[in-house]
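Data block below; observations after.
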Amino acid sequence: MLPCLRSRFSLPDDEHYLNCAYMSPISVAVEAAGITGVARKRVPSRLSTSDFFTESDRARALFARLVNAPDPSRVAIIPAASYGLAIAARNLPAASGQNIVVTHEQFPANVHAWRRLAETRRVDVRTVRPPDAPEGRGREWNARLLEAIDRHTAIVALGHVHWTDGTRFDLEAIGRRAREVGAALVVDGTQSVGAMPFDVQAIQPDALVCATYKWLMGPYSMGFAYLGPRFDAGEPLEETWIGRAGSENFKELVNYRDDYQPGAVRYDVGERTNFALMPMAIAGLEQVLEWQPARVQEYDAALTAPLLERVGALGYTVEDAAYRGAHLFGLRAPAGVDITAVNDRLRARKVHVSLRGSAIRVSPHVYNDARDIDALIDALG
């Protein structure tokens, strides 16, 4: 099992940061990569034309390895998950009379894109709600999702885990059902990739988008998108010079090319070669690959076991382990408890979690230890 890795971070000793799903702290190594990257622009003559490509290709390869994607050229560099979702919405077919399946209280970026598409193409957004009863909630929610996907479904869009409470969705089963009816599967992996295993070859998503500032342990304003064969002849959001074939030869850029770089490179954001953020993203990916998502899950499950036992005695409920992430889960308070007041008390004790919907969202990582869990238990008690 992984040891506690708090020494690799600069978190204050008296802060109990159980809120990685909000924003990860950057490690000492990622911070150093960013500082070095900023300094590179002091003397621009030392930046060569190859520098516009080598780091981008390195980042693609690392992300592809993390999600078990065999071809790194299918990875686009994006500035945010919403950018990748906009690419998907622009390029996936959906016609009048069809539907788009999403989950209840899904993250806004993965809803607004589909509402806009529904408005312009006259398709229906079909929102699948969980059951009201807490018992078997995750299992029943997954069953309802499978039932909602029918021969009129054009797109299924959801996260691997629900961002408010960590409910895990069986993406392999959902992907099989989507393929049966010819629907595209779009996954927002921002709240799972890096902390939970994700296998592109097993799940077969048409698109997987992921911001780096949470579980990829990287900077804000960076992200990656795996884009499958449905996007091979698609239209990017921007017409960048670097996405065109032959862009490595700066002298010949005046000879405009209509053909694109292979794979998903055409979808890269403009100025993708961010000499400060890209080294940070790479350092974050290297850390995550070193730690291994399966080991992160193992660490978090062992760390939080005492918490889940104690809060149950206090009347809080949590999803069954088989249907939630160990790195992100929601505590549902007993009747009559004001979770806003609870959160205020937690913050007063320097215990940091989030309120999302009706859940107190707890999201530990490898820098947390038993002291953090004890502080949360004591405060809830």
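By order of appearance in the structure tokens: chains A, B, ..., then residues from 1 within every chain, and ligands from 1 in the order shown.
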
>> Taking 2 positions as the minimum chain separation for residues in the same chain, which residues sit within 12 Å of Val67 (chain A) when counting only C-alpha atoms? Answer as JSON, numbers by chain.
In response: {"A": [60, 61, 62, 63, 64, 65, 69, 70, 71, 72, 74, 75, 189, 192, 193, 194, 195, 196, 197, 198, 199, 200, 201, 202, 203, 204, 205, 208, 209, 210, 216, 224, 225, 226, 285, 288, 289, 292, 293]}

>> What's around region 18-29 of chain A at 10 Å? Count only C-alpha atoms, leave out sequence neighbours fewer than 6 positions away in its own chain, and write the answer as a VMD selection string.
In response: chain A and resid 5 to 11 163 to 164 166 190 to 192 212 to 220 280 283 to 284 287 327 to 329 351 to 354 361 to 365 367 to 369 372 to 373 376

> What lies within 10 Å of Ala143 (chain A) using only C-alpha atoms, ignoring chain neighbours under 2 positions off, as a list in words?
Replying inline: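 The neighbour list is Pro130, Arg137, Gly138, Arg139, Glu140, Trp141, Leu145, Leu146, Glu147, Ala148, Phe169, Asp170, Ala173 and Ile174 of chain A.
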
DSSP on the backbone: which residues in region 111-257 of chain A end up as strand (DSSP E)? Give the answer as an mmCIF file with C-alpha atoms, in the first residue's frame.
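Below is the file out.cif, written as the result:
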data_model
loop_
_atom_site.group_PDB
_atom_site.id
_atom_site.type_symbol
_atom_site.label_atom_id
_atom_site.label_comp_id
_atom_site.auth_asym_id
_atom_site.auth_seq_id
_atom_site.Cartn_x
_atom_site.Cartn_y
_atom_site.Cartn_z
ATOM 1 C CA ASP A 124 -34.711 15.817 -25.755
ATOM 2 C CA VAL A 125 -32.419 15.875 -22.734
ATOM 3 C CA ARG A 126 -33.422 12.860 -20.634
ATOM 4 C CA THR A 127 -32.349 13.293 -17.009
ATOM 5 C CA VAL A 128 -32.124 10.096 -14.959
ATOM 6 C CA THR A 153 -30.720 7.784 -27.796
ATOM 7 C CA ALA A 154 -28.033 9.727 -29.672
ATOM 8 C CA ILE A 155 -25.648 10.539 -26.813
ATOM 9 C CA VAL A 156 -25.055 9.344 -23.244
ATOM 10 C CA ALA A 157 -23.104 11.921 -21.226
ATOM 11 C CA LEU A 158 -22.051 11.434 -17.592
ATOM 12 C CA GLY A 159 -19.140 11.176 -15.199
ATOM 13 C CA ALA A 184 -22.138 7.937 -28.439
ATOM 14 C CA LEU A 185 -20.694 7.732 -24.913
ATOM 15 C CA VAL A 186 -19.178 10.955 -23.541
ATOM 16 C CA VAL A 187 -17.475 10.769 -20.132
ATOM 17 C CA ASP A 188 -16.316 13.631 -17.954
ATOM 18 C CA ALA A 207 -14.951 11.000 -25.784
ATOM 19 C CA LEU A 208 -13.269 11.262 -22.390
ATOM 20 C CA VAL A 209 -12.542 14.777 -21.122
ATOM 21 C CA CYS A 210 -10.571 15.630 -18.014
ATOM 22 C CA ALA A 211 -9.312 18.822 -16.361
ATOM 23 C CA GLY A 223 -6.892 19.389 -19.574
ATOM 24 C CA PHE A 224 -6.930 16.421 -21.923
ATOM 25 C CA ALA A 225 -9.535 14.805 -24.141
ATOM 26 C CA TYR A 226 -9.389 11.312 -25.576
ATOM 27 C CA LEU A 227 -11.415 11.366 -28.809
#

> Can you list, as a PyMOL selection string, every protein, DNA or RNA residue that comes within 9 Å of Leu314 (chain A) when you count only C-alpha atoms, leaving out same-chain residues fewer than 3 positions away?
Replying inline: chain A and resi 310-311+333-334+380-381

> Which is closest to Arg324 (chain A) among A:Arg230, A:His160, A:Arg177, A:Arg272, if we use only C-alpha atoms?
Replying inline: A:His160

> Nearest to Thr49 (chain A) among A:Tyr316, A:Phe275, A:Phe250, A:Tyr256, with distances taken over only C-alpha atoms: which residue is it?
Replying inline: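 Of A:Tyr316, A:Phe275, A:Phe250, A:Tyr256, the one nearest Thr49 (chain A) is A:Phe250, counting only C-alpha atoms.
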
> Between A:Glu135, A:Glu119, A:Glu290, A:Glu235, which is the closest to Arg266 (chain A) once you count only C-alpha atoms?
Replying inline: A:Glu235

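Using only C-alpha atoms, the nearest neighbour of Glu238 (chain A) within the list A:Pro108, A:Gly336, A:Pro44, A:Gly270 is A:Gly270.
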
> Which residue gives the smallest distance to Pro3 (chain A) among A:Leu331, A:Val337, A:Ala88, A:Val296, with only C-alpha atoms counted?
Replying inline: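 Going through A:Leu331, A:Val337, A:Ala88, A:Val296 one by one, the smallest distance to Pro3 (chain A) is for A:Val296.
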
>> Rounded to one decimal, what separation in Å do you get between CA of Cys4 (chain A) and CA of Tyr17 (chain A)?
In response: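 According to the coordinates, CA of Cys4 (chain A) and CA of Tyr17 (chain A) are separated by 13.7 Å.
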
>> Taking only C-alpha atoms into account, name the residue in A:Ala118, A:Ala109, A:Ile78, A:Ala294 that is nearest to Pro93 (chain A).
In response: A:Ala118

>> Between CA of Asp268 (chain A) and CA of Phe107 (chain A), what distance in Å does the model show, to one decimal?
In response: 22.9 Å

> Hey, can you check how far CA of Ser48 (chain A) sits from CA of Glu248 (chain A)?
Replying inline: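 CA of Ser48 (chain A) sits 10.9 Å away from CA of Glu248 (chain A).
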
> Which residues, written as a list of chain:residue names, have at least one atom at most 9 Å from Ala33 (chain A), with only C-alpha atoms counted and residues fewer than 2 positions away on the same chain left out?
Replying inline: A:Val28, A:Ala29, A:Val30, A:Glu31, A:Ile35, A:Thr36, A:Gly37, A:Val38, A:Ala276, A:Leu277, A:Met278, A:Pro279, A:Met280, A:Ala281, A:Ile282, A:Ala283

So that I can check the secondary structure, give me every residue of region 136-249 of chain A assigned alpha helix (DSSP H) by backbone DSSP, as an mmCIF file with N, CA and C atoms, in the first residue's frame.
data_model
loop_
_atom_site.group_PDB
_atom_site.id
_atom_site.type_symbol
_atom_site.label_atom_id
_atom_site.label_comp_id
_atom_site.auth_asym_id
_atom_site.auth_seq_id
_atom_site.Cartn_x
_atom_site.Cartn_y
_atom_site.Cartn_z
ATOM 1 N N ARG A 137 -29.016 2.788 -3.442
ATOM 2 C CA ARG A 137 -29.178 3.944 -4.322
ATOM 3 C C ARG A 137 -28.327 3.822 -5.585
ATOM 4 N N GLY A 138 -27.048 3.506 -5.418
ATOM 5 C CA GLY A 138 -26.159 3.414 -6.564
ATOM 6 C C GLY A 138 -26.547 2.315 -7.528
ATOM 7 N N ARG A 139 -26.907 1.165 -6.996
ATOM 8 C CA ARG A 139 -27.314 0.039 -7.843
ATOM 9 C C ARG A 139 -28.554 0.391 -8.657
ATOM 10 N N GLU A 140 -29.547 0.983 -8.007
ATOM 11 C CA GLU A 140 -30.786 1.333 -8.692
ATOM 12 C C GLU A 140 -30.569 2.455 -9.702
ATOM 13 N N TRP A 141 -29.707 3.411 -9.364
ATOM 14 C CA TRP A 141 -29.434 4.508 -10.298
ATOM 15 C C TRP A 141 -28.783 3.969 -11.569
ATOM 16 N N ASN A 142 -27.863 3.047 -11.435
ATOM 17 C CA ASN A 142 -27.241 2.429 -12.605
ATOM 18 C C ASN A 142 -28.282 1.688 -13.444
ATOM 19 N N ALA A 143 -29.189 0.984 -12.781
ATOM 20 C CA ALA A 143 -30.232 0.256 -13.512
ATOM 21 C C ALA A 143 -31.136 1.225 -14.277
ATOM 22 N N ARG A 144 -31.465 2.342 -13.667
ATOM 23 C CA ARG A 144 -32.316 3.329 -14.333
ATOM 24 C C ARG A 144 -31.627 3.936 -15.556
ATOM 25 N N LEU A 145 -30.321 4.132 -15.445
ATOM 26 C CA LEU A 145 -29.573 4.655 -16.592
ATOM 27 C C LEU A 145 -29.645 3.696 -17.775
ATOM 28 N N LEU A 146 -29.416 2.428 -17.508
ATOM 29 C CA LEU A 146 -29.475 1.443 -18.589
ATOM 30 C C LEU A 146 -30.863 1.401 -19.228
ATOM 31 N N GLU A 147 -31.900 1.532 -18.404
ATOM 32 C CA GLU A 147 -33.272 1.524 -18.931
ATOM 33 C C GLU A 147 -33.560 2.769 -19.775
ATOM 34 N N ALA A 148 -32.939 3.884 -19.440
ATOM 35 C CA ALA A 148 -33.210 5.139 -20.135
ATOM 36 C C ALA A 148 -32.597 5.184 -21.528
ATOM 37 N N LEU A 171 -19.499 2.107 -16.197
ATOM 38 C CA LEU A 171 -19.312 2.606 -17.560
ATOM 39 C C LEU A 171 -19.145 1.493 -18.588
ATOM 40 N N GLU A 172 -18.644 0.352 -18.165
ATOM 41 C CA GLU A 172 -18.534 -0.751 -19.133
ATOM 42 C C GLU A 172 -19.923 -1.208 -19.560
ATOM 43 N N ALA A 173 -20.838 -1.368 -18.606
ATOM 44 C CA ALA A 173 -22.205 -1.782 -18.936
ATOM 45 C C ALA A 173 -22.929 -0.679 -19.705
ATOM 46 N N ILE A 174 -22.756 0.555 -19.269
ATOM 47 C CA ILE A 174 -23.409 1.674 -19.956
ATOM 48 C C ILE A 174 -22.863 1.831 -21.369
ATOM 49 N N GLY A 175 -21.551 1.644 -21.531
ATOM 50 C CA GLY A 175 -20.959 1.710 -22.862
ATOM 51 C C GLY A 175 -21.483 0.622 -23.785
ATOM 52 N N ARG A 176 -21.623 -0.595 -23.260
ATOM 53 C CA ARG A 176 -22.174 -1.686 -24.087
ATOM 54 C C ARG A 176 -23.596 -1.355 -24.530
ATOM 55 N N ARG A 177 -24.393 -0.832 -23.607
ATOM 56 C CA ARG A 177 -25.770 -0.496 -23.955
ATOM 57 C C ARG A 177 -25.813 0.627 -24.989
ATOM 58 N N ALA A 178 -24.935 1.622 -24.839
ATOM 59 C CA ALA A 178 -24.888 2.713 -25.815
ATOM 60 C C ALA A 178 -24.533 2.185 -27.203
ATOM 61 N N ARG A 179 -23.567 1.286 -27.272
ATOM 62 C CA ARG A 179 -23.169 0.742 -28.576
ATOM 63 C C ARG A 179 -24.281 -0.097 -29.192
ATOM 64 N N GLU A 180 -25.049 -0.775 -28.352
ATOM 65 C CA GLU A 180 -26.163 -1.579 -28.874
ATOM 66 C C GLU A 180 -27.158 -0.734 -29.664
ATOM 67 N N VAL A 181 -27.376 0.503 -29.201
ATOM 68 C CA VAL A 181 -28.366 1.369 -29.856
ATOM 69 C C VAL A 181 -27.717 2.401 -30.766
ATOM 70 N N VAL A 200 -9.711 2.911 -21.280
ATOM 71 C CA VAL A 200 -10.361 3.287 -22.534
ATOM 72 C C VAL A 200 -10.721 2.063 -23.359
ATOM 73 N N GLN A 201 -9.856 1.054 -23.358
ATOM 74 C CA GLN A 201 -10.108 -0.116 -24.197
ATOM 75 C C GLN A 201 -11.260 -0.962 -23.650
ATOM 76 N N ALA A 202 -11.462 -0.952 -22.346
ATOM 77 C CA ALA A 202 -12.572 -1.703 -21.770
ATOM 78 C C ALA A 202 -13.880 -0.931 -21.866
ATOM 79 N N ILE A 203 -13.842 0.371 -21.576
ATOM 80 C CA ILE A 203 -15.059 1.184 -21.553
ATOM 81 C C ILE A 203 -15.473 1.631 -22.945
#

> Contacts of Leu253 (chain A) at 10 Å or less, counting only C-alpha atoms, minus same-chain residues fewer than 5 places along, as a PyMOL selection string?
Replying inline: chain A and resi 241-242+244-248
